[in-house]
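K.L.:
What follows is a structure written as structure tokens; I'll ask about it next.
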Amino acid sequence: MVKSFFGFGDTTTKSAEGPSQVISIGGGRAADAPVNWWQMGMDISREGRSSMVEACVSAYAQTTAMCPGNHWRSSPEKGRERVTTSALTRILRYPNDYQSISDFLLNAVRFLLDDGNAYALVVRNNRFEPIELHLMSSAMSGPQIAYDGSIFYHMGGNPIVDARYGTQIVVPARDVLHLKLHTPRHPLVGETPMAAAALQLAAGNAALTSQITFFLNQSRPSFVLTTDQKLTPEQVQQLRTLWDDQSKGMNTGGTPILTAGLGPKPIGSSAKDAELAAILKLSDQAIAHVFRVPLQVLGTGDTPFASTEALMHSWRAGGLGFILNHIEEAIGLLFRLSGQPEEYVEFDTSALLRSAFAQRVEGWATGVKAGIFDRNVARADFELAPVAGGEEPWVQQQDIPLSVAAQMAKSPPPAPAPTAPAETTNEEPEMSSDEVSASIMASVQRHWPVEAA
């Protein structure tokens with residue numbers, strides 16, 4: 001009988017026969033792996049891993065772990081608001097008591113790209129709210145289908161969950177966060193992108209294996225000593241001994257003196273070596289294309305981008321944007337969110353531009369001047385305190401709505417009436433007789449002062 005992990009009862013009609021297990025695609029033992037590989041401490045799923053595959057997987061996993069997640073809810077009155085008190089918000093901060101959200105996303109994305117699937121066990125409280133997410137091993141977990149079509153998952157591979165709840169537990173699909181990539185073989189089993197790059201991986205691994213064997217078995221010095229004289233075996237051995245005494249061991253870096261027509265001849269790389277390098281380069285490029293990672297992100301691109309923002313924008317528009325949206329939709333489905341634009345979860349990719357300070361300042365300045373953002377929102381991105389008057393958008397005085405501009409074009413306002421000029425007069429006010437006499441006496445005294453007696 002298959003029951004819910006949390007005891008919510010049997011959901012199958014043929015419980016005696018149990019669910020049928022879906023076999024994961026891509027597993028199995030490698031042809032050259034020993035039968036008792038687990039007793040020898042080997043991990044056959046990671047043997048012979050390509051460095052380019054590791055670079056692509058690490059780029060996605062580390063970049064996703066850098067993006068903080070937020071629970072958003074929008075309304076016509078208030079616009080988009082961040083929800084800070086929901087169970088989803090708490091999970092996005094602390095998925096469990098032994099992992100940070102960065103640890104969780106880092107390993108979840110690695111499982112997703114390495115195996116095509118990533119599984120997390122959901123633990124709920126008495127209100128049926130998810131309170132913990134425990135990442136499980138994709139190699140030891142998988143879906144099961146009951147005879148009535150109900151979907152269950154057997155979960156394993158997490159020692160902490162094994163100690164708390166038991167090993168190889170079976171839970172219904174509602175209690176599992178299942179991330180999966182393309183499902184060409186079964187709707188519940190994803191396939192890793194490495195399956196599409198199998199030929200390139202095989203070509204690169206074969207070339208490297210052959211070259212390693214060649215290097216281990218060959219004898220290729222960096223240069224040889226040549227002379228036109230005929231030397232006996234004893235003389236050759238004596239010259240070799242003298243050369244080694246001057247350039248090996250404690251005398252490394254010494255200056256041997258060549259006489260009797262001896263001269264060094266360097267041995268460069270052959271055409272075969274250049275051909276091998278070209279094969280490996282093509283193999284790496286094909287793997288990067290399959291994973292949809294720009295070569296510039298991996299540091300191998302020939303054409304650089306104009307800025308970090310342009311590089312991140314190109315990647316977000318392709319592979320990185322899909323991975324982030326894929327995880328967001330899976331989490332939203334687990335928490336039964338209505339989806340965009342009403343209620344959804346979103347990872348903040350602006351954290352990828354922390355080092356691009358000039359681009360951030362320029363972008364916020366343009367948005368604030370255009371009236372799209374208020375000053376306090378821009379200051380919050382730089383972790384600055386809000387200022388008085390900065391809680392609403394500002395616009396310049398000449399900016400008017402388009403509807404007002406159209407109305408003004410149809411019926412322009414009347415021209416203002418001209419103002420009458422102020423009247424001026426040159427007439428002086430009339431003076432009395434006493435004022436006239438006083439003025440005359442003052443003028444006479446100024447021009448003909450009276451001499452003292």
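For the structure tokens, the naming scheme is as follows: chains receive sequential letters (A, B, ...) according to their order of presentation, residues are indexed from 1 within each chain, and ligands are indexed from 1 in presentation order.
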Return as a PyMOL selection string the full set of residues in stretch 348-402 of chain A whose backbone-based DSSP assignment is alpha helix (DSSP H).

P.N.:
chain A and resi 357-369+375-381+402

K.L.:
Based on the selection just made, write C-alpha atoms of those residues as a PDB file, in the first residue's frame.

P.N.:
ATOM      1  CA  PHE A 357      28.692  50.128 -10.931  1.00  0.00           C
ATOM      2  CA  ALA A 358      28.720  52.701 -13.750  1.00  0.00           C
ATOM      3  CA  GLN A 359      25.980  50.905 -15.691  1.00  0.00           C
ATOM      4  CA  ARG A 360      23.803  50.637 -12.572  1.00  0.00           C
ATOM      5  CA  VAL A 361      24.135  54.337 -11.765  1.00  0.00           C
ATOM      6  CA  GLU A 362      23.413  55.340 -15.354  1.00  0.00           C
ATOM      7  CA  GLY A 363      20.356  53.095 -15.593  1.00  0.00           C
ATOM      8  CA  TRP A 364      18.823  54.318 -12.321  1.00  0.00           C
ATOM      9  CA  ALA A 365      19.561  57.963 -13.165  1.00  0.00           C
ATOM     10  CA  THR A 366      17.788  57.635 -16.505  1.00  0.00           C
ATOM     11  CA  GLY A 367      14.782  55.923 -14.925  1.00  0.00           C
ATOM     12  CA  VAL A 368      14.476  58.528 -12.157  1.00  0.00           C
ATOM     13  CA  LYS A 369      14.717  61.469 -14.574  1.00  0.00           C
ATOM     14  CA  ARG A 375      14.446  58.369  -5.755  1.00  0.00           C
ATOM     15  CA  ASN A 376      14.013  56.107  -2.743  1.00  0.00           C
ATOM     16  CA  VAL A 377      13.681  52.998  -4.926  1.00  0.00           C
ATOM     17  CA  ALA A 378      16.946  53.883  -6.656  1.00  0.00           C
ATOM     18  CA  ARG A 379      18.660  54.578  -3.337  1.00  0.00           C
ATOM     19  CA  ALA A 380      17.468  51.251  -1.934  1.00  0.00           C
ATOM     20  CA  ASP A 381      19.320  49.417  -4.707  1.00  0.00           C
ATOM     21  CA  LEU A 402      -0.065  63.213 -24.345  1.00  0.00           C
TER      22      LEU A 402
END

K.L.:
What's around A:Arg73 at 8 Å? Count only C-alpha atoms, leave out sequence neighbours fewer than 3 positions away in its own chain, and write the answer as a list in words.

P.N.:
Arg80, Glu81, Arg82, Val83, Pro341, Glu342, Glu343 and Tyr344 of chain A

K.L.:
From the list A:Ala203, A:Ser100, A:Thr209, A:Pro184, which residue is nearest A:Leu280 when using only C-alpha atoms?

P.N.:
A:Ala203

K.L.:
Within 10 Å of A:Gln168, counting only C-alpha atoms, which residues show up once you throw out same-chain ones fewer than 5 positions away? Write them as JSON, numbers by chain, please.

P.N.:
{"A": [140, 141, 153, 154, 155, 156, 157, 158, 161, 162]}

K.L.:
Extract, using only C-alpha atoms, all DNA, RNA and protein residues at most 12 Å from A:Arg316, discarding same-chain residues fewer than 5 positions from it, and format them as JSON, numbers by chain.

P.N.:
{"A": [60, 63, 64, 292, 293, 294, 297, 309, 310, 311, 321, 322, 323, 324, 325, 347, 348, 349, 350, 352]}

K.L.:
For those residues, write N, CA and C atoms to a file as an mmCIF file, in the first residue's frame.

P.N.:
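Okay, this is what ended up in out.cif:
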data_model
loop_
_atom_site.group_PDB
_atom_site.id
_atom_site.type_symbol
_atom_site.label_atom_id
_atom_site.label_comp_id
_atom_site.auth_asym_id
_atom_site.auth_seq_id
_atom_site.Cartn_x
_atom_site.Cartn_y
_atom_site.Cartn_z
ATOM 1 N N TYR A 60 26.184 27.856 -14.765
ATOM 2 C CA TYR A 60 24.754 27.941 -14.475
ATOM 3 C C TYR A 60 24.483 27.864 -12.974
ATOM 4 N N THR A 63 25.835 30.990 -11.021
ATOM 5 C CA THR A 63 25.105 32.206 -11.368
ATOM 6 C C THR A 63 23.697 32.183 -10.791
ATOM 7 N N THR A 64 23.015 31.044 -10.868
ATOM 8 C CA THR A 64 21.673 30.943 -10.286
ATOM 9 C C THR A 64 21.711 31.148 -8.781
ATOM 10 N N ARG A 292 24.137 26.128 -24.189
ATOM 11 C CA ARG A 292 23.709 27.503 -24.445
ATOM 12 C C ARG A 292 24.406 28.482 -23.517
ATOM 13 N N VAL A 293 25.705 28.325 -23.388
ATOM 14 C CA VAL A 293 26.531 29.231 -22.599
ATOM 15 C C VAL A 293 27.412 30.024 -23.560
ATOM 16 N N PRO A 294 27.378 31.351 -23.535
ATOM 17 C CA PRO A 294 28.291 32.121 -24.384
ATOM 18 C C PRO A 294 29.743 31.818 -24.032
ATOM 19 N N VAL A 297 31.464 33.948 -21.430
ATOM 20 C CA VAL A 297 31.247 33.668 -20.005
ATOM 21 C C VAL A 297 32.295 32.695 -19.487
ATOM 22 N N GLU A 309 27.074 44.217 -18.765
ATOM 23 C CA GLU A 309 25.629 44.197 -18.902
ATOM 24 C C GLU A 309 25.194 43.568 -20.223
ATOM 25 N N ALA A 310 25.913 43.879 -21.307
ATOM 26 C CA ALA A 310 25.574 43.290 -22.604
ATOM 27 C C ALA A 310 25.784 41.782 -22.595
ATOM 28 N N LEU A 311 26.851 41.323 -21.937
ATOM 29 C CA LEU A 311 27.112 39.888 -21.855
ATOM 30 C C LEU A 311 26.023 39.180 -21.055
ATOM 31 N N GLY A 321 18.226 32.594 -18.844
ATOM 32 C CA GLY A 321 16.837 32.995 -18.641
ATOM 33 C C GLY A 321 15.903 31.805 -18.566
ATOM 34 N N PHE A 322 16.147 30.786 -19.387
ATOM 35 C CA PHE A 322 15.302 29.591 -19.329
ATOM 36 C C PHE A 322 15.451 28.869 -18.001
ATOM 37 N N ILE A 323 16.672 28.667 -17.532
ATOM 38 C CA ILE A 323 16.888 27.945 -16.269
ATOM 39 C C ILE A 323 16.200 28.672 -15.122
ATOM 40 N N LEU A 324 16.376 29.998 -15.048
ATOM 41 C CA LEU A 324 15.744 30.758 -13.966
ATOM 42 C C LEU A 324 14.221 30.664 -14.044
ATOM 43 N N ASN A 325 13.667 30.853 -15.236
ATOM 44 C CA ASN A 325 12.216 30.782 -15.380
ATOM 45 C C ASN A 325 11.699 29.362 -15.110
ATOM 46 N N PHE A 347 13.505 35.481 -9.541
ATOM 47 C CA PHE A 347 14.893 35.628 -9.107
ATOM 48 C C PHE A 347 15.440 36.948 -9.652
ATOM 49 N N ASP A 348 16.068 37.697 -8.783
ATOM 50 C CA ASP A 348 16.560 39.031 -9.123
ATOM 51 C C ASP A 348 17.912 38.923 -9.821
ATOM 52 N N THR A 349 17.922 39.172 -11.124
ATOM 53 C CA THR A 349 19.173 39.090 -11.894
ATOM 54 C C THR A 349 20.006 40.352 -11.804
ATOM 55 N N SER A 350 19.507 41.395 -11.146
ATOM 56 C CA SER A 350 20.327 42.599 -10.999
ATOM 57 C C SER A 350 21.557 42.344 -10.136
ATOM 58 N N LEU A 352 23.643 40.179 -10.673
ATOM 59 C CA LEU A 352 24.741 39.825 -11.569
ATOM 60 C C LEU A 352 25.523 41.043 -12.020
#

K.L.:
According to DSSP computed on the backbone, where in stretch 64-199 of chain A is there strand (DSSP E or B)? Give the residues as a PyMOL selection string.

P.N.:
chain A and resi 69-75+79-83+117-124+130-136+142-145+151-155+169-172+176-180+186+189
